[in-house]
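Engineer: File entry28.cif follows (mmCIF, C-alpha atoms):
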data_model
#
loop_
_atom_site.label_atom_id
_atom_site.label_comp_id
_atom_site.auth_asym_id
_atom_site.auth_seq_id
_atom_site.Cartn_x
_atom_site.Cartn_y
_atom_site.Cartn_z
CA MET P 29 -12.39 -51.32 31.94
CA ALA P 30 -10.85 -47.84 32.00
CA ASP P 31 -7.42 -49.31 31.33
CA ALA P 32 -8.79 -51.28 28.39
CA ALA P 33 -10.40 -48.13 26.96
CA ALA P 34 -7.14 -46.19 27.36
CA SER P 35 -5.22 -48.98 25.66
CA ALA P 36 -7.66 -48.97 22.76
CA ALA P 37 -7.41 -45.20 22.44
CA ALA P 38 -3.62 -45.38 22.40
CA SER P 39 -3.83 -48.03 19.68
CA ASP P 40 -6.11 -45.76 17.65
CA ASP P 41 -3.67 -42.85 18.08
CA ALA P 42 -0.80 -45.00 16.86
CA ALA P 43 -2.82 -46.05 13.83
CA PHE P 44 -3.63 -42.41 13.08
CA GLY P 45 0.07 -41.51 13.31
CA ALA P 46 0.98 -44.31 10.94
CA ALA P 47 -1.63 -43.14 8.45
CA ALA P 48 -0.41 -39.56 8.65
CA PHE P 49 3.30 -40.23 8.33
CA GLY P 50 3.56 -43.68 6.77
CA ASP P 51 4.00 -46.97 8.60
CA ALA P 52 7.76 -47.44 8.20
CA SER P 53 8.42 -46.58 11.85
CA VAL P 54 5.55 -48.55 13.40
CA GLY P 55 6.95 -51.46 15.43
CA ASP P 56 10.46 -50.66 14.25
CA VAL P 57 13.27 -48.79 16.00
CA PRO P 58 14.44 -45.86 13.82
CA THR P 59 18.08 -45.98 12.83
CA GLY P 60 20.19 -43.22 11.39
CA LYS P 61 19.82 -39.54 12.17
CA VAL P 62 19.32 -36.33 10.20
CA THR P 63 20.41 -33.10 11.85
CA PHE P 64 19.23 -29.88 10.24
CA VAL P 65 21.96 -27.34 10.91
CA GLY P 66 21.46 -23.58 10.84
CA ALA P 67 24.72 -22.29 9.37
CA GLY P 68 23.93 -18.61 9.89
CA PRO P 69 23.97 -15.86 7.25
CA GLY P 70 27.36 -16.67 5.79
CA ALA P 71 30.43 -16.25 7.98
CA ALA P 72 31.61 -19.69 9.09
CA ASP P 73 32.51 -18.44 12.57
CA LEU P 74 28.83 -17.69 13.23
CA LEU P 75 28.13 -21.41 13.53
CA THR P 76 27.12 -22.51 17.01
CA PHE P 77 29.24 -25.08 18.86
CA ARG P 78 26.35 -27.52 18.54
CA ALA P 79 26.21 -26.98 14.77
CA ALA P 80 29.95 -27.60 14.43
CA ARG P 81 29.65 -30.83 16.43
CA ALA P 82 26.78 -32.04 14.25
CA ILE P 83 28.83 -31.50 11.11
CA ALA P 84 31.87 -33.19 12.66
CA ASP P 85 29.80 -36.24 13.62
CA ALA P 86 28.15 -36.65 10.21
CA ASP P 87 28.81 -39.46 7.77
CA VAL P 88 27.07 -37.44 5.05
CA VAL P 89 26.99 -33.64 4.79
CA ILE P 90 24.44 -31.98 2.51
CA TRP P 91 25.09 -28.26 2.19
CA ALA P 92 23.77 -25.35 0.14
CA ALA P 93 26.94 -24.27 -1.66
CA SER P 94 25.32 -21.15 -3.12
CA LEU P 95 24.18 -19.91 0.31
CA VAL P 96 26.75 -21.19 2.81
CA GLN P 97 30.46 -20.45 2.90
CA ALA P 98 32.71 -23.41 2.13
CA GLU P 99 34.64 -22.87 5.38
CA VAL P 100 31.85 -24.61 7.31
CA LEU P 101 33.04 -27.86 5.73
CA GLN P 102 36.27 -27.59 7.71
CA HIS P 103 34.29 -29.17 10.54
CA ALA P 104 33.45 -32.25 8.43
CA ARG P 105 35.45 -35.48 8.70
CA GLU P 106 37.87 -36.28 5.89
CA ASP P 107 35.93 -39.44 5.08
CA ALA P 108 32.51 -37.75 5.11
CA GLU P 109 30.44 -37.79 1.92
CA ILE P 110 29.82 -34.18 0.81
CA LEU P 111 26.78 -33.38 -1.34
CA ASP P 112 25.74 -30.01 -2.77
CA SER P 113 21.98 -29.47 -2.35
CA ALA P 114 21.98 -26.95 -5.22
CA THR P 115 22.07 -29.90 -7.63
CA MET P 116 19.46 -31.95 -5.75
CA SER P 117 15.66 -32.10 -5.71
CA LEU P 118 13.68 -32.88 -2.57
CA GLU P 119 13.37 -36.46 -3.78
CA ASP P 120 17.16 -36.69 -4.15
CA VAL P 121 17.64 -35.43 -0.59
CA VAL P 122 15.01 -37.79 0.83
CA ALA P 123 16.76 -40.70 -0.89
CA VAL P 124 19.84 -39.86 1.20
CA TYR P 125 17.69 -39.86 4.35
CA GLU P 126 16.29 -43.28 3.39
CA ARG P 127 19.84 -44.55 2.95
CA ALA P 128 20.75 -43.09 6.34
CA ARG P 129 17.94 -45.06 7.96
CA ALA P 130 18.85 -48.28 6.19
CA GLU P 131 22.58 -48.01 6.93
CA GLY P 132 22.48 -46.23 10.30
CA LEU P 133 24.19 -43.10 8.95
CA ARG P 134 24.30 -39.64 10.47
CA VAL P 135 23.44 -36.83 8.05
CA ALA P 136 24.08 -33.10 8.59
CA ARG P 137 21.76 -31.06 6.38
CA ILE P 138 23.24 -27.56 6.40
CA HIS P 139 20.86 -24.68 5.75
CA SER P 140 21.71 -20.98 5.53
CA GLY P 141 20.47 -18.71 8.29
CA ASP P 142 18.05 -20.35 10.69
CA PRO P 143 16.17 -23.50 9.58
CA ALA P 144 12.92 -22.04 10.95
CA LEU P 145 12.80 -19.31 8.28
CA TRP P 146 12.38 -19.95 4.54
CA GLY P 147 14.51 -23.07 4.68
CA GLY P 148 12.23 -25.70 3.15
CA THR P 149 12.81 -27.55 6.42
CA GLN P 150 9.32 -28.72 7.38
CA GLU P 151 8.74 -30.77 4.24
CA GLN P 152 11.99 -32.62 4.95
CA VAL P 153 11.15 -33.17 8.62
CA ASP P 154 7.77 -34.59 7.63
CA ARG P 155 9.39 -37.05 5.24
CA CYS P 156 11.91 -38.09 7.88
CA ALA P 157 8.97 -38.87 10.18
CA ALA P 158 7.35 -40.90 7.41
CA ILE P 159 10.42 -43.10 6.86
CA GLY P 160 11.22 -43.35 10.57
CA VAL P 161 14.56 -41.60 10.81
CA GLU P 162 15.52 -39.56 13.87
CA VAL P 163 15.59 -35.77 13.47
CA GLU P 164 17.37 -32.98 15.32
CA ILE P 165 17.23 -29.27 14.44
CA VAL P 166 20.07 -26.94 15.42
CA PRO P 167 19.08 -23.26 15.28
CA GLY P 168 21.26 -20.74 13.51
CA VAL P 169 21.81 -16.99 13.36
CA SER P 170 19.23 -15.44 11.06
CA SER P 171 20.33 -12.88 8.50
CA PHE P 172 17.96 -10.27 9.97
CA SER P 173 19.75 -10.38 13.34
CA ALA P 174 23.13 -10.39 11.59
CA VAL P 175 22.17 -7.27 9.63
CA ALA P 176 20.95 -5.54 12.80
CA ALA P 177 24.33 -6.30 14.37
CA LEU P 178 26.22 -4.95 11.35
CA ALA P 179 24.11 -1.80 11.46
CA GLN P 180 24.64 -1.60 15.25
CA ARG P 181 20.93 -1.17 15.84
CA GLU P 182 18.47 -2.66 18.29
CA LEU P 183 15.20 -3.43 16.49
CA THR P 184 12.95 -2.99 19.53
CA ILE P 185 13.29 0.48 21.04
CA PRO P 186 11.17 1.47 24.07
CA GLU P 187 8.24 3.72 23.13
CA VAL P 188 9.14 3.43 19.42
CA ALA P 189 8.87 -0.21 18.33
CA GLN P 190 8.36 -3.34 20.40
CA SER P 191 7.69 -5.84 17.60
CA VAL P 192 9.56 -7.15 14.56
CA VAL P 193 7.73 -8.43 11.49
CA LEU P 194 9.61 -10.97 9.35
CA THR P 195 8.12 -11.24 5.88
CA ARG P 196 8.69 -11.15 2.13
CA LEU P 197 7.07 -9.44 -0.81
CA GLY P 198 4.19 -11.21 -2.51
CA GLY P 199 4.19 -12.07 -6.20
CA GLY P 200 7.25 -14.30 -6.18
CA LYS P 201 7.57 -18.04 -6.70
CA THR P 202 5.79 -18.87 -3.45
CA PRO P 203 2.29 -17.34 -3.11
CA MET P 204 1.60 -15.34 0.04
CA PRO P 205 -1.39 -16.34 2.19
CA PRO P 206 -4.29 -13.83 2.30
CA GLY P 207 -3.64 -10.92 4.64
CA GLU P 208 0.15 -11.32 4.63
CA GLU P 209 0.93 -8.59 2.10
CA VAL P 210 3.69 -6.15 2.99
CA ARG P 211 1.20 -3.27 2.93
CA GLU P 212 -0.88 -4.98 5.63
CA PHE P 213 2.09 -5.55 7.92
CA ALA P 214 3.30 -1.99 7.26
CA ARG P 215 0.13 -0.64 8.86
CA HIS P 216 1.60 -1.57 12.25
CA GLY P 217 4.38 0.99 11.75
CA THR P 218 6.87 -1.14 13.67
CA THR P 219 10.19 -2.68 12.56
CA MET P 220 10.07 -4.94 9.51
CA ALA P 221 12.69 -7.34 8.16
CA ILE P 222 11.89 -8.02 4.52
CA PHE P 223 13.52 -10.96 2.76
CA LEU P 224 13.63 -12.08 -0.90
CA SER P 225 12.30 -8.83 -2.35
CA ALA P 226 15.16 -6.85 -3.94
CA ALA P 227 14.23 -7.81 -7.51
CA ARG P 228 10.94 -5.90 -7.11
CA SER P 229 12.07 -2.86 -5.14
CA GLY P 230 9.53 -0.57 -6.82
CA GLN P 231 6.64 -2.75 -5.68
CA LEU P 232 8.17 -2.93 -2.21
CA VAL P 233 8.29 0.86 -1.92
CA ARG P 234 4.68 1.19 -3.06
CA GLU P 235 3.42 -1.33 -0.52
CA LEU P 236 5.39 0.21 2.34
CA LEU P 237 3.94 3.63 1.56
CA GLU P 238 0.43 2.26 1.08
CA GLY P 239 0.74 0.71 4.52
CA GLY P 240 1.39 4.11 6.07
CA TYR P 241 5.14 4.48 6.53
CA PRO P 242 6.34 8.05 5.82
CA THR P 243 8.79 8.45 2.92
CA SER P 244 11.44 9.49 5.47
CA THR P 245 11.30 6.14 7.30
CA PRO P 246 14.86 4.78 7.69
CA VAL P 247 15.93 1.63 5.84
CA VAL P 248 19.00 -0.58 6.10
CA VAL P 249 19.81 -2.48 2.90
CA ALA P 250 22.17 -5.42 3.28
CA TYR P 251 23.61 -7.63 0.55
CA GLN P 252 25.47 -10.87 1.37
CA ALA P 253 25.61 -10.01 5.06
CA THR P 254 28.74 -11.42 6.80
CA TRP P 255 30.24 -12.62 3.48
CA PRO P 256 33.53 -11.08 2.25
CA GLU P 257 31.59 -9.11 -0.38
CA GLU P 258 28.94 -7.80 2.05
CA LEU P 259 27.40 -4.41 1.44
CA VAL P 260 25.39 -2.54 4.06
CA VAL P 261 23.93 0.86 3.16
CA ARG P 262 21.40 3.18 4.78
CA CYS P 263 18.65 5.01 2.97
CA THR P 264 14.97 5.91 3.40
CA ILE P 265 11.86 4.46 1.83
CA GLU P 266 11.95 7.41 -0.57
CA THR P 267 15.40 6.44 -1.84
CA LEU P 268 15.12 2.64 -1.42
CA GLU P 269 14.44 1.79 -5.08
CA GLU P 270 17.16 4.15 -6.25
CA THR P 271 19.65 2.59 -3.81
CA VAL P 272 18.86 -0.96 -4.91
CA LYS P 273 19.25 -0.10 -8.59
CA GLU P 274 22.43 1.90 -8.01
CA HIS P 275 24.11 -1.14 -6.45
CA LYS P 276 22.49 -3.60 -8.88
CA LEU P 277 20.97 -5.72 -6.13
CA TRP P 278 18.46 -8.44 -6.96
CA LYS P 279 19.19 -11.40 -4.69
CA HIS P 280 20.84 -12.18 -1.32
CA THR P 281 19.50 -8.84 -0.09
CA LEU P 282 17.58 -8.05 3.08
CA PHE P 283 15.81 -4.85 4.13
CA LEU P 284 15.28 -3.58 7.66
CA VAL P 285 12.59 -0.89 7.77
CA GLY P 286 11.12 1.19 10.57
CA PRO P 287 11.53 4.15 12.92
CA ALA P 288 13.58 2.13 15.43
CA LEU P 289 16.51 2.23 13.00
CA ALA P 290 17.06 5.92 13.75
CA ALA P 291 15.60 6.26 17.26
CA HIS P 292 17.64 7.63 20.14
CA GLY P 293 17.07 8.96 23.61
CA THR P 294 14.64 6.37 24.96
CA ARG P 295 15.34 4.26 28.02
CA SER P 296 14.14 0.80 28.97
CA HIS P 297 12.73 0.08 32.42
CA LEU P 298 14.94 -2.97 32.88
CA TYR P 299 18.04 -1.07 34.00
CA HIS P 300 16.25 1.94 35.48
CA PRO P 301 17.11 2.39 39.19
CA GLY P 302 13.38 2.55 39.90
CA HIS P 303 12.76 -0.91 38.45
CA PHE P 304 13.03 -3.95 40.71
CA HIS P 305 13.25 -7.68 40.08
CA GLY P 306 14.40 -10.83 41.85
CA PHE P 307 18.05 -9.75 41.86
CA ARG P 308 17.81 -6.03 42.55
CA LYS P 309 15.80 -3.69 44.76
CA ALA P 310 14.43 -0.43 43.41
CA ASP P 311 15.62 2.94 44.64
CA PRO P 312 12.50 4.42 46.35
CA GLU P 313 12.76 7.91 44.83
CA ALA P 314 13.55 6.56 41.38
CA ARG P 315 10.60 4.17 41.77
CA ARG P 316 8.27 7.08 42.55
CA ALA P 317 9.54 9.04 39.56
CA LEU P 318 9.05 6.05 37.31
CA ARG P 319 5.46 5.63 38.49
CA GLU P 320 4.71 9.33 38.02
CA ARG P 321 6.14 9.20 34.53
CA GLY P 322 3.97 6.18 33.70
CA ALA P 323 0.85 7.94 35.01
CA SER P 324 1.51 10.99 32.83
CA THR P 325 2.01 9.09 29.58
#
With the file now loaded, output its structure as structure tokens.
Structural biologist:
Amino acid sequence: MADAAASAAASDDAAFGAAAFGDASVGDVPTGKVTFVGAGPGAADLLTFRAARAIADADVVIWAASLVQAEVLQHAREDAEILDSATMSLEDVVAVYERARAEGLRVARIHSGDPALWGGTQEQVDRCAAIGVEVEIVPGVSSFSAVAALAQRELTIPEVAQSVVLTRLGGGKTPMPPGEEVREFARHGTTMAIFLSAARSGQLVRELLEGGYPTSTPVVVAYQATWPEELVVRCTIETLEETVKEHKLWKHTLFLVGPALAAHGTRSHLYHPGHFHGFRKADPEARRALRERGAST
């Protein structure tokens, strides 16, 4: 009886899945494969080995020509079909995925940065599930980590900032959910990486200040990070708007904001001689000093 009930429940779950994603894959083995490839912030040599293999294996490569350097296509086969997503709607892209399923094709869908951030990835993954085509996602280097590397800064400094907020300014094409305004995140006073906001630098400054950052808070402004024409400049919140306008920046620009960008002199516990873990014993005197320091702070 229990087995019968479990079987019925499993059947109900399958029916629910079919209703949620369409019934194309029910009772049918998916053919074809779509691999979403994170191409990184620009430089073709920031592709992962896995990303390069996915492109090399693809029968069809869909890439964002305005956001990804053409050198990534060097990994594609000579006989691969190359499509520029800048000229395509979501429906156009999904039609390629449907063809991949019908013909057993492998598709590499190349996105800039990491597919998990502002890539329009989820809506495509959902449609792949609906038509019953296999999906793989290959992570990529995000532009915020690339900019931190160019600036030679760690974004999480002990006793200064231990969190990083990734966000964008409200008021653009995509509405922000309630409570996700820059001013609200700024109240934490930690490191922020702010995307897609250069065209409204005045509003950005106002919200950062309303959130509580001092005008002297350091900022790294990066345009086209890792591209040949990259520009990375340092300023403060006070001079942020002036800096953006001086360099005529309005797209492909990212801001890193927060006290960690200028912090020095702090030390992590990880490599302190008084810290122990599974591979290293603590020095007893250093351990005592570390405990005393912790008790006094």
Engineer: Between atom CA of P:Ala226 and atom CA of P:Trp278, what is the distance in Å, rounded to a tenth?
Structural biologist: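 Separation of atom CA of P:Ala226 and atom CA of P:Trp278: 4.7 Å.
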Engineer: Might you spell out which residues the PyMOL selection byres ((chain P and resi 70) around 9) would select in the displayed file, as a ChimeraX atom specification?
Structural biologist: /P:67-69,71-74,95-97,140-141,171,252-255
Engineer: Identify which of the residues P:Leu111, P:Met220, P:Leu237, P:Val260 lies closest to P:Leu284, counting all atoms listed in the file when measuring atom-to-atom distances.
Structural biologist: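 Answer, going by the shortest atom-to-atom distance: P:Met220.
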Engineer: Just checking: using only C-alpha atoms, which residue out of P:Arg211, P:His139, P:His292, P:His216 ends up closest to P:Gly239?
Structural biologist: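 Of the candidates, the smallest distance to P:Gly239 is held by P:Arg211.
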Engineer: Between atom CA of P:Gly60 and atom CA of P:Leu101, measure the distance and give it in Å to one decimal.
Structural biologist: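 If I compute the distance from atom CA of P:Gly60 to atom CA of P:Leu101, I get 20.8 Å.
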Engineer: Near stretch 178-185 of chain P, counting all atoms listed in the file, which residues have an atom at most 7 Å away, once you skip same-chain residues fewer than 6 positions from it, shown as an MDAnalysis selection string?
Structural biologist: chainID P and resid 191 219 288:289
Engineer: Separation of atom CA of P:Val122 and atom CA of P:Val166, in Å?
Structural biologist: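 Distance reported for this atom pair: 18.9 Å.
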Engineer: I'd like the neighbourhood of stretch 85-88 of chain P as a short mmCIF file (atom, residue, chain, number, x, y, z; two decimals) with C-alpha atoms, in the coordinates of the input, where a residue qualifies if any of its atoms comes within 8 Å (using only C-alpha atoms), though same-chain residues fewer than 5 positions away should be ignored.
Structural biologist:
data_model
loop_
_atom_site.label_atom_id
_atom_site.label_comp_id
_atom_site.auth_asym_id
_atom_site.auth_seq_id
_atom_site.Cartn_x
_atom_site.Cartn_y
_atom_site.Cartn_z
CA ALA P 104 33.45 -32.25 8.43
CA ARG P 105 35.45 -35.48 8.70
CA ASP P 107 35.93 -39.44 5.08
CA ALA P 108 32.51 -37.75 5.11
CA GLU P 109 30.44 -37.79 1.92
CA ILE P 110 29.82 -34.18 0.81
CA LEU P 111 26.78 -33.38 -1.34
CA LEU P 133 24.19 -43.10 8.95
CA ARG P 134 24.30 -39.64 10.47
CA VAL P 135 23.44 -36.83 8.05
CA ALA P 136 24.08 -33.10 8.59
#
Engineer: Can you translate the PyMOL selection byres ((chain P and resi 268) around 10) into the concrete residues it hits in this file, as a short mmCIF file (atom, residue, chain, number, x, y, z; two decimals) with C-alpha atoms, in the coordinates of the input?
Structural biologist:
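So result15.cif came out as:
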data_model
loop_
_atom_site.label_atom_id
_atom_site.label_comp_id
_atom_site.auth_asym_id
_atom_site.auth_seq_id
_atom_site.Cartn_x
_atom_site.Cartn_y
_atom_site.Cartn_z
CA ALA P 226 15.16 -6.85 -3.94
CA SER P 229 12.07 -2.86 -5.14
CA GLY P 230 9.53 -0.57 -6.82
CA LEU P 232 8.17 -2.93 -2.21
CA VAL P 233 8.29 0.86 -1.92
CA THR P 243 8.79 8.45 2.92
CA PRO P 246 14.86 4.78 7.69
CA VAL P 247 15.93 1.63 5.84
CA VAL P 248 19.00 -0.58 6.10
CA VAL P 249 19.81 -2.48 2.90
CA ARG P 262 21.40 3.18 4.78
CA CYS P 263 18.65 5.01 2.97
CA THR P 264 14.97 5.91 3.40
CA ILE P 265 11.86 4.46 1.83
CA GLU P 266 11.95 7.41 -0.57
CA THR P 267 15.40 6.44 -1.84
CA GLU P 269 14.44 1.79 -5.08
CA GLU P 270 17.16 4.15 -6.25
CA THR P 271 19.65 2.59 -3.81
CA VAL P 272 18.86 -0.96 -4.91
CA LYS P 273 19.25 -0.10 -8.59
CA GLU P 274 22.43 1.90 -8.01
CA PHE P 283 15.81 -4.85 4.13
#
Engineer: Go through the shown structure with the PyMOL selection byres ((chain P and resi 145) around 12) and write out the matching residues as a ChimeraX atom specification.
Structural biologist: /P:66,68-69,139-144,146-150,167-172,194-196,221-224
Engineer: Rank P:Arg78, P:Arg215, P:Lys61, P:Arg137 by their smallest atom-to-atom distance to P:Glu235, using all atoms listed in the file, and report the top residue only.
Structural biologist: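 Answer, going by the shortest atom-to-atom distance: P:Arg215.
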Engineer: I'd like the neighbourhood of P:Thr281 as a list of chain:residue names, where a residue qualifies if any of its atoms comes within 6 Å (using all atoms listed in the file), though same-chain residues fewer than 2 positions away should be ignored.
Structural biologist: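 So the residues in contact are P:Ala250, P:Tyr251, P:Lys279.
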Engineer: Between P:Asp112, P:Glu151, P:Glu238, P:Glu209, single out the one closest to P:Ile90, counting all atoms listed in the file.
Structural biologist: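 Under the stated criterion, the closest residue is P:Asp112.
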